[in-house]
Amino acid sequence: MAERERSRERERFSTSTFKVYKRKSRLKAIGYIEQIMVNSSYKMFAKSSAFSPLFLFAVFSFFLLFAYELSHQSFLGKYISIKFYNTTPHQHQEDQEVPAAAPAHASVIDPCTGRYVYVYDLPDSFNSEILQDCGNLSRWSDMCKYVTNSGLGPKLVDTSSTLPETGWHVTNQFMLEIIFHNRMKQYDCLTTDYSKSTAVYIPYYAGLDVMRYLFGDTALLQRDYLTNEFLRWLRARPEWAAKGGNDHFMVIGRIAWDFQRTTNESKHWGGKLMTLPESKNMTLLLIETTTWQENEFGIPYPSYFHPSEKSQVVAWQEKLRSTKRPWLFSFAGARRPNAIPTTRDLIIAQCANATLCNLQECGSGAKDCHSPSNIMGVFTSSIFCLQPPGDSPTRKSAFDSMIAGCIPVFLQPGSAYTQYRWYLPSNFNKFSVYIPEKAIRQGTLRIEDVLLGYSDEQILEMRENVLALIPALVYKDPSTKSDDLRDAFDVAVDGVLRRIHNSHVL
C-alpha cells in the first residue's frame, strides 16, 4: 500500500511539474516570438540567421504553441507521460486494472431504466384455472377453441383468398386478457425485483371470470367469490402496500359496464370489481371504459390479424392500397329486438335502400357474420364502414374495419374518440367520418349523401391515415418475439409507464 501511494505521488508530482514546465515554455515562446516580430530588422535577421539558435528556438516554440492549442496536449507531454509509465512497470499493471471499475463515464446505461415491469405470480385460480373451465365461459357456445394459441384461437383457413395465409386467427373479442398476459411474457424489461420496477402487472382474468356469471340467475356469493379472494390476496402483498397500488395495472377484456354493480341484489347486472376502492388506485385497461374515470384507458379489441413481424403488416398494407372497393359504404350487424326503432335499425334501413351500400345483416343463424373471411371481405370492398353503437358504445367491428383499410363512420364520440386516446389521432377528421346520431334519428340527413360529398383526394388521404394506424391496432402473435413491430401491447405498456411517471408515484 505504501509503495502504491509513493508511486501515485510521483505521478502527481511529475504531472504537476510538467504542467508548470509547459506553461513556462509557452510564455517564453510567446515572448521570443513577439520580440522577433517587433524587431525592425526581422527580415534581415531571417535571411542572415536562418539557422541561428535563437531563430530555430522561436520556430520550435511556435510549433509547440500551435500544437498545444490544437490538441490541448503537446506531443512532448505525451512522450514524457509514456516514458514515466514505462519506468514503473508495477504501477502500469495496476492502472490497467482500474478502468474496469473506476471511470464513471465508462458505465453502461441500462436501456430498461424507468421501463421495468414486475409481474405478479398469481395463484392459478385467478387465471389458468379459469381457462381450464372454458366450457362454462358461455351459455351459448363452446369457448374452449378460442383460448388456444395464447388466446388467438384457431389459425384461420381462408378459402376465399381475401386474407393472407399467415398471421390470421379466429379470435374471439373477449380474449384480450390471455393475449396480453402472453405478450407480457415477451416484454424486454421484466424484473423479479420489485424495487427496480416502475409498474406492476396483475394477470388476473377478471373479464373471463365474470363472463361465467353474466347470464342467468347466479348467486352473488358465487359471482363475487373470486373477486373477493383476489382482492384479499392483493391487499396482503408488500408490493401493494408500498405505494397503495398506484403503480399497479390490470387488463380487462370486457367493457366497464360489466363491473359496475353497486348493489347486493342478484338481479342486477355484472360484478362489482370496479366499484371497490382497490380498483380506484390502479390503472385499468379495458376494451371499453366508462370515459369518466381518470384511471381507465381504452385499448383495442383483439381483431383477427396477429402478425409475427413487421413485414407481414407492410405486405397487408400494400395489398389494401391496391384493393378495389366497389361499395361506397357498408354495414355488418344485427337489428336489436326493441319495440322502438334503434339507431342501428335506422342505419340498416338506409343501407338497404341505398344503391351504393353493401349490407351484411346478421342475426340468428347468420353464419356469414361469424366468418372472419366474410366480414373482412365486406370491409375490404368498401370505402366507408358504418360503426353505430350496439349493446354499448364501442364495437370490435370498428377495429376490424380499420385493419381492412376501411374508413370508419362513427355516430357517437364514445364509440372511439373519447375511448382510445392512446391509439387514435386527436383530429378524428383525418381518419374517420363523424355523423351525429341525433341527425340519423331525426331523419335530417342521408348517410349516402354525406359520404358522396368526399372527393377522391380526401378519401385517398383518409385511407392512408387509416393504414398508418394498423400496426398499433393489432396484437402480435405472442408465440414469436419480434422487435421490429410496435403493436397495441407496446402502446399500452408505454401509456401505463407514462401515466405512472407523470403521477409522481415513484
# chains A, B, ... in the order shown; residues from 1 in each chain; ligands from 1
call {"tool": "select_by_dssp", "arguments": {"residues": "range 280-351 of chain A", "states": "alpha helix (DSSP H)", "output": "list in words"}}
result
Lys280, Asn281, Lys310, Ser311, Gln312, Val313, Val314, Ala315, Trp316, Gln317, Glu318, Lys319, Leu320, Arg321, Ser322, Thr343, Arg344, Asp345, Leu346, Ile347, Ile348, Ala349, Gln350 and Cys351 of chain A
call {"tool": "write_last_selection", "arguments": {"atoms": "C-alpha atoms", "output": "PDB file, in the first residue's frame"}}
result
ATOM      1  CA  LYS A 280     -59.581   3.206  -7.986  1.00  0.00           C
ATOM      2  CA  ASN A 281     -55.882   3.118  -7.145  1.00  0.00           C
ATOM      3  CA  LYS A 310     -43.394  -6.062 -39.396  1.00  0.00           C
ATOM      4  CA  SER A 311     -43.045  -7.405 -42.933  1.00  0.00           C
ATOM      5  CA  GLN A 312     -46.464  -9.082 -42.640  1.00  0.00           C
ATOM      6  CA  VAL A 313     -48.065  -5.761 -41.745  1.00  0.00           C
ATOM      7  CA  VAL A 314     -46.307  -3.940 -44.587  1.00  0.00           C
ATOM      8  CA  ALA A 315     -47.407  -6.599 -47.079  1.00  0.00           C
ATOM      9  CA  TRP A 316     -51.011  -6.322 -45.848  1.00  0.00           C
ATOM     10  CA  GLN A 317     -50.939  -2.519 -46.132  1.00  0.00           C
ATOM     11  CA  GLU A 318     -49.666  -2.767 -49.698  1.00  0.00           C
ATOM     12  CA  LYS A 319     -52.391  -5.248 -50.579  1.00  0.00           C
ATOM     13  CA  LEU A 320     -55.039  -2.871 -49.203  1.00  0.00           C
ATOM     14  CA  ARG A 321     -53.691   0.022 -51.272  1.00  0.00           C
ATOM     15  CA  SER A 322     -54.304  -1.905 -54.490  1.00  0.00           C
ATOM     16  CA  THR A 343     -80.234   3.926 -34.399  1.00  0.00           C
ATOM     17  CA  ARG A 344     -78.919   0.640 -35.725  1.00  0.00           C
ATOM     18  CA  ASP A 345     -82.329  -0.191 -37.192  1.00  0.00           C
ATOM     19  CA  LEU A 346     -82.460   3.182 -38.937  1.00  0.00           C
ATOM     20  CA  ILE A 347     -78.958   2.662 -40.358  1.00  0.00           C
ATOM     21  CA  ILE A 348     -79.865  -0.781 -41.675  1.00  0.00           C
ATOM     22  CA  ALA A 349     -82.925   0.744 -43.353  1.00  0.00           C
ATOM     23  CA  GLN A 350     -80.846   3.469 -45.017  1.00  0.00           C
ATOM     24  CA  CYS A 351     -78.226   0.982 -46.178  1.00  0.00           C
TER      25      CYS A 351
END
call {"tool": "closest_residue", "arguments": {"among": "A:Asp158, A:Tyr194, A:Trp257, A:Val210", "to": "Ile130 in chain A", "atoms": "only C-alpha atoms"}}
result
A:Val210
call {"tool": "residues_around", "arguments": {"residues": "Thr159 in chain A", "least_positions_apart": "4", "cutoff": "12 Å", "atoms": "only C-alpha atoms", "output": "PyMOL selection string"}}
result
chain A and resi 163-165+371-374+377
call {"tool": "atom_distance", "arguments": {"atom1": "CA of Thr166 in chain A", "atom2": "CA of Lys476 in chain A"}}
result
12.3 Å
call {"tool": "select_by_dssp", "arguments": {"residues": "range 281-311 of chain A", "states": "strand (DSSP E)", "output": "list in words"}}
result
Thr283, Leu284, Leu285, Leu286, Ile287, Glu288, Glu296, Phe297 and Gly298 of chain A
call {"tool": "atom_distance", "arguments": {"atom1": "CA of Asn136 in chain A", "atom2": "CA of Ser279 in chain A"}}
result
26.0 Å
call {"tool": "closest_residue", "arguments": {"among": "A:Thr380, A:Thr323, A:Thr283, A:Ser455", "to": "Glu296 in chain A", "atoms": "only C-alpha atoms"}}
result
A:Thr283
call {"tool": "residues_around", "arguments": {"residues": "Asn264 in chain A", "least_positions_apart": "6", "cutoff": "10 Å", "atoms": "only C-alpha atoms", "output": "VMD selection string"}}
result
chain A and resid 219 to 221 224 271 to 272
call {"tool": "write_last_selection", "arguments": {"atoms": "all heavy atoms", "output": "compact mmCIF listing (two decimals), in the first residue's frame"}}
result
# COMPACT_ATOMS: atom_id res chain seq x y z
N ALA A 219 -76.07 -16.85 -7.97
CA ALA A 219 -75.98 -16.29 -6.62
C ALA A 219 -74.80 -15.33 -6.53
O ALA A 219 -73.73 -15.57 -7.11
CB ALA A 219 -75.83 -17.41 -5.61
N LEU A 220 -74.99 -14.22 -5.81
CA LEU A 220 -73.93 -13.23 -5.67
C LEU A 220 -72.69 -13.82 -5.02
O LEU A 220 -71.56 -13.43 -5.34
CB LEU A 220 -74.42 -12.03 -4.86
CG LEU A 220 -75.43 -11.11 -5.56
CD1 LEU A 220 -75.78 -9.95 -4.64
CD2 LEU A 220 -74.86 -10.59 -6.86
N LEU A 221 -72.89 -14.73 -4.07
CA LEU A 221 -71.74 -15.34 -3.40
C LEU A 221 -70.84 -16.03 -4.41
O LEU A 221 -69.62 -15.92 -4.34
CB LEU A 221 -72.23 -16.34 -2.34
CG LEU A 221 -71.14 -17.03 -1.52
CD1 LEU A 221 -70.37 -15.99 -0.71
CD2 LEU A 221 -71.75 -18.08 -0.60
N ASP A 224 -69.25 -13.16 -6.95
CA ASP A 224 -68.24 -12.28 -6.39
C ASP A 224 -67.10 -13.02 -5.68
O ASP A 224 -66.16 -12.39 -5.21
CB ASP A 224 -68.88 -11.32 -5.37
CG ASP A 224 -69.89 -10.39 -6.01
OD1 ASP A 224 -69.78 -10.15 -7.24
OD2 ASP A 224 -70.80 -9.91 -5.31
N GLY A 271 -70.44 -7.81 -12.23
CA GLY A 271 -69.68 -7.87 -10.99
C GLY A 271 -69.48 -6.50 -10.41
O GLY A 271 -69.95 -5.49 -10.94
N LYS A 272 -68.72 -6.45 -9.31
CA LYS A 272 -68.55 -5.18 -8.59
C LYS A 272 -67.09 -4.71 -8.52
O LYS A 272 -66.79 -3.75 -7.82
CB LYS A 272 -69.10 -5.31 -7.18
CG LYS A 272 -68.39 -6.36 -6.31
CD LYS A 272 -68.96 -6.40 -4.91
CE LYS A 272 -68.21 -7.41 -4.04
NZ LYS A 272 -68.71 -7.44 -2.65
call {"tool": "closest_residue", "arguments": {"among": "A:Ser150, A:Ser415, A:Asn353, A:Thr342", "to": "Phe180 in chain A", "atoms": "only C-alpha atoms"}}
result
A:Ser150
call {"tool": "residues_around", "arguments": {"residues": "Gln173 in chain A", "least_positions_apart": "3", "cutoff": "12 Å", "atoms": "only C-alpha atoms", "output": "JSON, numbers by chain"}}
result
{"A": [143, 146, 147, 151, 152, 153, 169, 170, 176, 177, 178, 179, 207, 208, 252, 253, 254, 255, 286, 287, 288, 300, 301, 302, 303, 304, 370, 372, 394, 395, 396, 397, 398, 399, 400]}
